[in-house]
Amino acid sequence: MQKKRLFQQALRRTADSALKRTGTYEAEFFTEKQVFQKHMTSSEVEAFLKQHAGVTFKNVTERTDTEEITILTNRHGQTTTLKKNASGKTSGNEMADNQGQHLFTASSKKTKKYIMEEGTPVPFLVKLGVMTKEGKVVSQKYDKFRQINRFLEYIADILDDVQRLCTGTRGFTKERPLHIADFGCGKSYLTFAVYYFLNDIKHVPVDITGLDLKTDVIADCQSLAEELGCSGLHFYVGDIAQFNHQTAPDIIITLHACDTATDYALHYAVEKGAAAILSVPCCQHEINLSLDAEKELFSADSPFSSLMRYGIIKERFSALVTDAVRADVLEQNGYSVQILEFIDISHTPKNLLIRAIKRQTVYKKAAENAQRRTAAILSSLNVGQTLSTLLSEKL
């Protein structure tokens, strides 16, 4: 059987509580085109090391709590084993392939500290089926649990900037709470999480509006908010493009608002002068569909022809162009913008997050450069982009 080529970090102690109790490792095996994941016990890892040391891997380093064992293999296949005291080094295993490239690492890492820790029951997580009544995370919901905590980290990161922009040194009060709008909130895992984090953990007075098109989902969310006594949490049925709330939001959240719904949410944020935007786009179809009509892009002479040949490449290229244009348009409108990884791609492929903070000072040169970039890429592809179009008059 053909050996699987391993590289980069390929084995780690899993953080999942259900597996942690049994000492299970999570292994990643890479070929040129695919990634395979497998859970391995400590004995299976030991057997794997014995099988591949000196065969698949030229160098193997195994670290325990007390010693470091290194197995070296020369070009004739002869192996030498060296041992030394660990001297406080982290427990783990490392491998290198027959060219000496570092390929394989196993480590017993500390469990990541989350904002909402497992073991402490959180009422809304229990109600939404993410936690048991004892505070244990349901194994099938662990990715959702990570996702929620990761998003709360982004909220925590921008909180000081938002407070400074909105209230100066005074801070938010009951009379002037932090206003947040969550567009396309769905079942509102994040909406409830943000409310819990700000109201219960950070003790920041907050008023949050959740908006979605699904009447039954919104009814359930509003009912749960009332049941849990979340007085600063309100849900409405509505379209982002048509929404107009009496109080302008300080932070606008969009998680997986589909296609141009993200653009309308970003447009609303700019029009209302939101201090911060956290947006995880989804299903960027607009440019992808527009490219189908641009036949010259598919010709062999086009610099984009290689990107147009394969549907999946064209789709990903279109999504990247869409989000890059969105970032540039926000920068044109006075925001400092970053594109960040929302959460590890193994948990969700929708893993780009647009984080934008309103600048106190507008940098004209930066805005002009962003505008030129937007015009250049859209004209090169001969396509339009909704956010760019919506805000063109404002510019």
# chains A, B, ... in the order shown; residues from 1 in each chain; ligands from 1
>>> residues_around(residues="region 292-302 of chain A", least_positions_apart="5", cutoff="9 Å", atoms="only C-alpha atoms", output="ChimeraX atom specification")
/A:287,307-309,381-383
>>> write_last_selection(atoms="C-alpha atoms", output="CSV table (one decimal), in the first residue's frame")
chain,number,residue,atom,x,y,z
A,287,ILE,CA,-19.2,37.6,-8.9
A,307,LEU,CA,-8.7,30.4,-12.8
A,308,MET,CA,-11.8,30.0,-15.0
A,309,ARG,CA,-11.1,26.4,-16.1
A,381,LEU,CA,-13.1,41.2,-14.5
A,382,ASN,CA,-15.8,43.4,-15.9
A,383,VAL,CA,-18.1,42.7,-13.0
>>> residues_around(residues="Phe243 (chain A)", least_positions_apart="4", cutoff="9 Å", atoms="only C-alpha atoms", output="VMD selection string")
chain A and resid 211 238 to 239 268
>>> write_last_selection(atoms="all heavy atoms", output="mmCIF file, in the first residue's frame")
data_model
loop_
_atom_site.group_PDB
_atom_site.id
_atom_site.type_symbol
_atom_site.label_atom_id
_atom_site.label_comp_id
_atom_site.auth_asym_id
_atom_site.auth_seq_id
_atom_site.Cartn_x
_atom_site.Cartn_y
_atom_site.Cartn_z
ATOM 1 N N LEU A 211 -31.972 39.949 14.006
ATOM 2 C CA LEU A 211 -32.869 40.053 12.852
ATOM 3 C C LEU A 211 -32.708 38.849 11.947
ATOM 4 O O LEU A 211 -31.588 38.436 11.635
ATOM 5 C CB LEU A 211 -32.552 41.327 12.054
ATOM 6 C CG LEU A 211 -33.470 41.638 10.867
ATOM 7 C CD1 LEU A 211 -34.812 42.179 11.375
ATOM 8 C CD2 LEU A 211 -32.805 42.651 9.933
ATOM 9 N N GLY A 238 -37.319 40.346 9.700
ATOM 10 C CA GLY A 238 -37.098 41.402 8.722
ATOM 11 C C GLY A 238 -35.968 41.117 7.772
ATOM 12 O O GLY A 238 -35.147 40.214 7.988
ATOM 13 N N ASP A 239 -35.920 41.892 6.710
ATOM 14 C CA ASP A 239 -34.891 41.802 5.682
ATOM 15 C C ASP A 239 -33.815 42.839 5.986
ATOM 16 O O ASP A 239 -34.123 44.002 6.281
ATOM 17 C CB ASP A 239 -35.530 42.076 4.315
ATOM 18 C CG ASP A 239 -34.554 41.867 3.169
ATOM 19 O OD1 ASP A 239 -33.342 41.790 3.429
ATOM 20 O OD2 ASP A 239 -35.017 41.789 2.016
ATOM 21 N N TYR A 268 -25.462 49.017 5.728
ATOM 22 C CA TYR A 268 -26.190 49.570 6.872
ATOM 23 C C TYR A 268 -25.202 50.076 7.931
ATOM 24 O O TYR A 268 -25.377 51.153 8.507
ATOM 25 C CB TYR A 268 -27.113 48.503 7.460
ATOM 26 C CG TYR A 268 -28.002 48.978 8.579
ATOM 27 C CD1 TYR A 268 -29.281 49.458 8.316
ATOM 28 C CD2 TYR A 268 -27.566 48.938 9.899
ATOM 29 C CE1 TYR A 268 -30.108 49.897 9.346
ATOM 30 C CE2 TYR A 268 -28.382 49.377 10.932
ATOM 31 C CZ TYR A 268 -29.652 49.854 10.648
ATOM 32 O OH TYR A 268 -30.457 50.295 11.679
#
>>> select_by_dssp(residues="region 156-285 of chain A", states="strand (DSSP E or B)", output="PyMOL selection string")
chain A and resi 178-183+206-212+233-237+251-258+276-282
>>> residues_around(residues="Asn333 (chain A)", least_positions_apart="2", cutoff="8 Å", atoms="only C-alpha atoms", output="PyMOL selection string")
chain A and resi 270+329-331+335+367+395
>>> write_last_selection(atoms="N, CA, C and O atoms", output="CSV table (one decimal), in the first residue's frame")
chain,number,residue,atom,x,y,z
A,270,VAL,N,-22.1,51.1,7.6
A,270,VAL,CA,-21.4,52.3,7.1
A,270,VAL,C,-22.4,53.5,7.2
A,270,VAL,O,-22.0,54.6,7.7
A,329,VAL,N,-13.7,48.5,0.2
A,329,VAL,CA,-14.8,49.5,0.3
A,329,VAL,C,-15.0,50.1,1.7
A,329,VAL,O,-15.2,51.3,1.9
A,330,LEU,N,-14.8,49.2,2.7
A,330,LEU,CA,-14.9,49.7,4.1
A,330,LEU,C,-13.8,50.6,4.4
A,330,LEU,O,-14.0,51.6,5.1
A,331,GLU,N,-12.6,50.3,3.9
A,331,GLU,CA,-11.5,51.2,4.1
A,331,GLU,C,-11.7,52.6,3.5
A,331,GLU,O,-11.3,53.6,4.0
A,335,TYR,N,-12.8,53.0,7.6
A,335,TYR,CA,-12.6,51.9,8.6
A,335,TYR,C,-11.2,51.4,8.5
A,335,TYR,O,-10.6,51.3,7.4
A,367,ALA,N,-7.6,55.8,1.7
A,367,ALA,CA,-8.9,55.6,1.1
A,367,ALA,C,-8.8,55.7,-0.4
A,367,ALA,O,-9.5,54.9,-1.1
A,395,LEU,N,-19.3,57.8,-1.8
A,395,LEU,CA,-18.0,58.2,-2.1
A,395,LEU,C,-17.9,59.4,-3.0
A,395,LEU,O,-17.0,60.2,-2.9
>>> residues_around(residues="region 196-207 of chain A", least_positions_apart="5", cutoff="12 Å", atoms="only C-alpha atoms", output="tab-separated table (two decimals) with N, CA, C and O atoms, in the first residue's frame")
chain	number	residue	atom	x	y	z
A	114	TYR	N	-11.20	28.69	27.47
A	114	TYR	CA	-12.25	29.40	26.76
A	114	TYR	C	-12.87	30.46	27.65
A	114	TYR	O	-12.79	30.39	28.88
A	115	ILE	N	-13.50	31.46	27.02
A	115	ILE	CA	-14.21	32.49	27.78
A	115	ILE	C	-15.36	31.86	28.56
A	115	ILE	O	-15.57	32.14	29.74
A	116	MET	N	-16.11	30.98	27.89
A	116	MET	CA	-17.13	30.19	28.58
A	116	MET	C	-16.57	28.79	28.76
A	116	MET	O	-16.45	28.04	27.80
A	117	GLU	N	-16.23	28.46	29.98
A	117	GLU	CA	-15.55	27.19	30.25
A	117	GLU	C	-16.52	26.02	30.34
A	117	GLU	O	-17.65	26.17	30.86
A	122	VAL	N	-24.10	27.11	31.41
A	122	VAL	CA	-24.53	28.41	30.90
A	122	VAL	C	-25.96	28.23	30.42
A	122	VAL	O	-26.22	27.44	29.52
A	123	PRO	N	-26.92	28.93	31.03
A	123	PRO	CA	-28.34	28.66	30.77
A	123	PRO	C	-28.72	28.60	29.29
A	123	PRO	O	-29.42	27.67	28.87
A	124	PHE	N	-28.27	29.56	28.48
A	124	PHE	CA	-28.71	29.55	27.08
A	124	PHE	C	-28.09	28.39	26.31
A	124	PHE	O	-28.70	27.83	25.40
A	125	LEU	N	-26.85	27.99	26.69
A	125	LEU	CA	-26.22	26.84	26.03
A	125	LEU	C	-26.93	25.54	26.38
A	125	LEU	O	-27.04	24.63	25.55
A	148	ILE	N	-18.41	29.62	19.10
A	148	ILE	CA	-18.97	30.66	19.97
A	148	ILE	C	-17.87	31.34	20.77
A	148	ILE	O	-17.78	32.57	20.83
A	149	ASN	N	-17.00	30.56	21.38
A	149	ASN	CA	-15.92	31.12	22.18
A	149	ASN	C	-14.95	31.94	21.34
A	149	ASN	O	-14.45	32.98	21.79
A	151	PHE	N	-15.67	33.61	18.66
A	151	PHE	CA	-16.32	34.87	18.34
A	151	PHE	C	-16.29	35.82	19.53
A	151	PHE	O	-16.10	37.03	19.38
A	152	LEU	N	-16.47	35.28	20.72
A	152	LEU	CA	-16.42	36.12	21.93
A	152	LEU	C	-15.03	36.73	22.12
A	152	LEU	O	-14.90	37.84	22.64
A	153	GLU	N	-14.00	36.02	21.68
A	153	GLU	CA	-12.65	36.58	21.75
A	153	GLU	C	-12.54	37.82	20.87
A	153	GLU	O	-11.89	38.80	21.24
A	154	TYR	N	-13.18	37.77	19.70
A	154	TYR	CA	-13.17	38.94	18.81
A	154	TYR	C	-13.96	40.10	19.42
A	154	TYR	O	-13.57	41.27	19.28
A	155	ILE	N	-15.07	39.79	20.08
A	155	ILE	CA	-15.84	40.83	20.77
A	155	ILE	C	-14.98	41.48	21.86
A	155	ILE	O	-14.92	42.71	22.01
A	156	ALA	N	-14.28	40.64	22.63
A	156	ALA	CA	-13.42	41.15	23.69
A	156	ALA	C	-12.31	42.04	23.14
A	156	ALA	O	-11.95	43.06	23.74
A	159	LEU	N	-13.74	45.62	22.24
A	159	LEU	CA	-14.59	46.28	23.22
A	159	LEU	C	-14.04	47.64	23.66
A	159	LEU	O	-14.77	48.63	23.72
A	160	ASP	N	-12.74	47.71	23.94
A	160	ASP	CA	-12.15	48.97	24.39
A	160	ASP	C	-12.23	50.04	23.30
A	160	ASP	O	-12.52	51.21	23.57
A	163	GLN	N	-15.85	51.28	22.99
A	163	GLN	CA	-16.20	52.16	24.11
A	163	GLN	C	-15.56	53.53	23.93
A	163	GLN	O	-16.21	54.57	24.14
A	171	GLY	N	-17.66	55.20	29.50
A	171	GLY	CA	-18.11	53.82	29.51
A	171	GLY	C	-19.61	53.74	29.26
A	171	GLY	O	-20.33	54.75	29.30
A	172	PHE	N	-20.09	52.54	29.03
A	172	PHE	CA	-21.51	52.33	28.75
A	172	PHE	C	-22.29	52.26	30.06
A	172	PHE	O	-21.80	51.75	31.07
A	173	THR	N	-23.51	52.78	30.03
A	173	THR	CA	-24.36	52.83	31.21
A	173	THR	C	-25.75	52.31	30.84
A	173	THR	O	-26.04	52.05	29.68
A	174	LYS	N	-26.61	52.19	31.84
A	174	LYS	CA	-27.99	51.78	31.57
A	174	LYS	C	-28.69	52.81	30.69
A	174	LYS	O	-29.54	52.47	29.87
A	175	GLU	N	-28.34	54.07	30.89
A	175	GLU	CA	-28.93	55.13	30.06
A	175	GLU	C	-28.33	55.15	28.67
A	175	GLU	O	-28.98	55.52	27.70
A	176	ARG	N	-27.08	54.77	28.55
A	176	ARG	CA	-26.40	54.70	27.25
A	176	ARG	C	-25.71	53.33	27.13
A	176	ARG	O	-24.50	53.19	27.29
A	177	PRO	N	-26.52	52.28	26.83
A	177	PRO	CA	-25.93	50.95	26.70
A	177	PRO	C	-25.19	50.77	25.38
A	177	PRO	O	-25.29	51.60	24.47
A	178	LEU	N	-24.45	49.71	25.29
A	178	LEU	CA	-23.79	49.31	24.05
A	178	LEU	C	-24.85	48.71	23.13
A	178	LEU	O	-25.51	47.74	23.49
A	179	HIS	N	-25.03	49.28	21.95
A	179	HIS	CA	-26.05	48.82	21.00
A	179	HIS	C	-25.41	47.91	19.96
A	179	HIS	O	-24.43	48.29	19.31
A	180	ILE	N	-25.98	46.72	19.81
A	180	ILE	CA	-25.46	45.74	18.85
A	180	ILE	C	-26.60	45.22	18.00
A	180	ILE	O	-27.70	44.96	18.49
A	181	ALA	N	-26.34	45.05	16.70
A	181	ALA	CA	-27.31	44.43	15.80
A	181	ALA	C	-26.68	43.18	15.20
A	181	ALA	O	-25.56	43.22	14.69
A	182	ASP	N	-27.42	42.07	15.27
A	182	ASP	CA	-26.97	40.81	14.69
A	182	ASP	C	-27.88	40.50	13.51
A	182	ASP	O	-29.03	40.08	13.68
A	189	TYR	N	-27.29	31.43	18.42
A	189	TYR	CA	-26.26	30.97	19.34
A	189	TYR	C	-25.33	32.13	19.72
A	189	TYR	O	-25.05	32.37	20.89
A	190	LEU	N	-24.85	32.84	18.68
A	190	LEU	CA	-23.92	33.94	18.93
A	190	LEU	C	-24.58	35.12	19.60
A	190	LEU	O	-23.98	35.79	20.44
A	191	THR	N	-25.83	35.39	19.24
A	191	THR	CA	-26.54	36.52	19.82
A	191	THR	C	-26.66	36.36	21.33
A	191	THR	O	-26.37	37.28	22.10
A	225	ALA	N	-35.39	34.35	25.10
A	225	ALA	CA	-34.86	35.55	25.74
A	225	ALA	C	-35.72	35.96	26.93
A	225	ALA	O	-35.20	36.33	27.99
A	228	LEU	N	-35.28	33.45	29.85
A	228	LEU	CA	-34.01	33.60	30.56
A	228	LEU	C	-33.85	34.97	31.20
A	228	LEU	O	-32.84	35.23	31.86
A	229	GLY	N	-34.81	35.84	31.01
A	229	GLY	CA	-34.75	37.17	31.61
A	229	GLY	C	-33.74	38.09	30.96
A	229	GLY	O	-33.19	38.98	31.62
A	230	CYS	N	-33.52	37.90	29.66
A	230	CYS	CA	-32.57	38.75	28.93
A	230	CYS	C	-33.29	40.01	28.46
A	230	CYS	O	-33.74	40.11	27.31
A	231	SER	N	-33.39	40.97	29.35
A	231	SER	CA	-34.21	42.16	29.07
A	231	SER	C	-33.61	43.04	27.97
A	231	SER	O	-34.33	43.83	27.35
A	232	GLY	N	-32.31	42.92	27.73
A	232	GLY	CA	-31.67	43.73	26.70
A	232	GLY	C	-31.49	43.01	25.39
A	232	GLY	O	-30.65	43.41	24.57
A	233	LEU	N	-32.27	41.96	25.18
A	233	LEU	CA	-32.14	41.14	23.97
A	233	LEU	C	-33.49	41.07	23.27
A	233	LEU	O	-34.48	40.64	23.85
A	234	HIS	N	-33.53	41.52	22.00
A	234	HIS	CA	-34.79	41.60	21.27
A	234	HIS	C	-34.63	41.02	19.87
A	234	HIS	O	-33.58	41.20	19.24
A	235	PHE	N	-35.67	40.38	19.38
A	235	PHE	CA	-35.61	39.73	18.08
A	235	PHE	C	-36.75	40.20	17.18
A	235	PHE	O	-37.88	40.39	17.64
A	247	THR	N	-32.49	53.16	16.89
A	247	THR	CA	-31.20	53.44	17.51
A	247	THR	C	-30.08	52.84	16.67
A	247	THR	O	-30.08	51.65	16.40
A	248	ALA	N	-29.16	53.68	16.25
A	248	ALA	CA	-28.05	53.20	15.42
A	248	ALA	C	-27.16	52.27	16.24
A	248	ALA	O	-26.81	52.58	17.38
A	249	PRO	N	-26.78	51.11	15.68
A	249	PRO	CA	-25.94	50.16	16.43
A	249	PRO	C	-24.49	50.62	16.50
A	249	PRO	O	-23.98	51.27	15.59
A	250	ASP	N	-23.84	50.28	17.60
A	250	ASP	CA	-22.40	50.54	17.76
A	250	ASP	C	-21.58	49.43	17.13
A	250	ASP	O	-20.49	49.67	16.61
A	251	ILE	N	-22.09	48.19	17.22
A	251	ILE	CA	-21.43	47.04	16.61
A	251	ILE	C	-22.45	46.32	15.74
A	251	ILE	O	-23.59	46.11	16.17
>>> atom_distance(atom1="CA of Thr215 (chain A)", atom2="CA of Gln242 (chain A)")
16.0 Å
>>> residues_around(residues="Thr73 (chain A)", least_positions_apart="2", cutoff="6 Å", atoms="only C-alpha atoms", output="VMD selection string")
chain A and resid 54 58 77 to 79
>>> write_last_selection(atoms="N, CA, C and O atoms", output="CSV table (one decimal), in the first residue's frame")
chain,number,residue,atom,x,y,z
A,54,GLY,N,12.8,5.2,11.2
A,54,GLY,CA,13.9,4.7,10.4
A,54,GLY,C,13.4,4.1,9.1
A,54,GLY,O,14.3,3.7,8.3
A,58,LYS,N,13.5,9.7,8.7
A,58,LYS,CA,14.9,9.6,8.9
A,58,LYS,C,15.2,9.9,10.3
A,58,LYS,O,16.1,9.2,10.9
A,77,GLY,N,20.4,2.8,6.2
A,77,GLY,CA,19.3,2.2,6.9
A,77,GLY,C,19.6,1.8,8.3
A,77,GLY,O,18.8,1.3,9.0
A,78,GLN,N,20.9,2.1,8.8
A,78,GLN,CA,21.2,1.8,10.1
A,78,GLN,C,20.8,2.9,11.1
A,78,GLN,O,20.8,4.0,10.8
A,79,THR,N,20.2,2.4,12.2
A,79,THR,CA,19.7,3.4,13.2
A,79,THR,C,20.5,3.5,14.5
A,79,THR,O,21.1,2.5,14.9
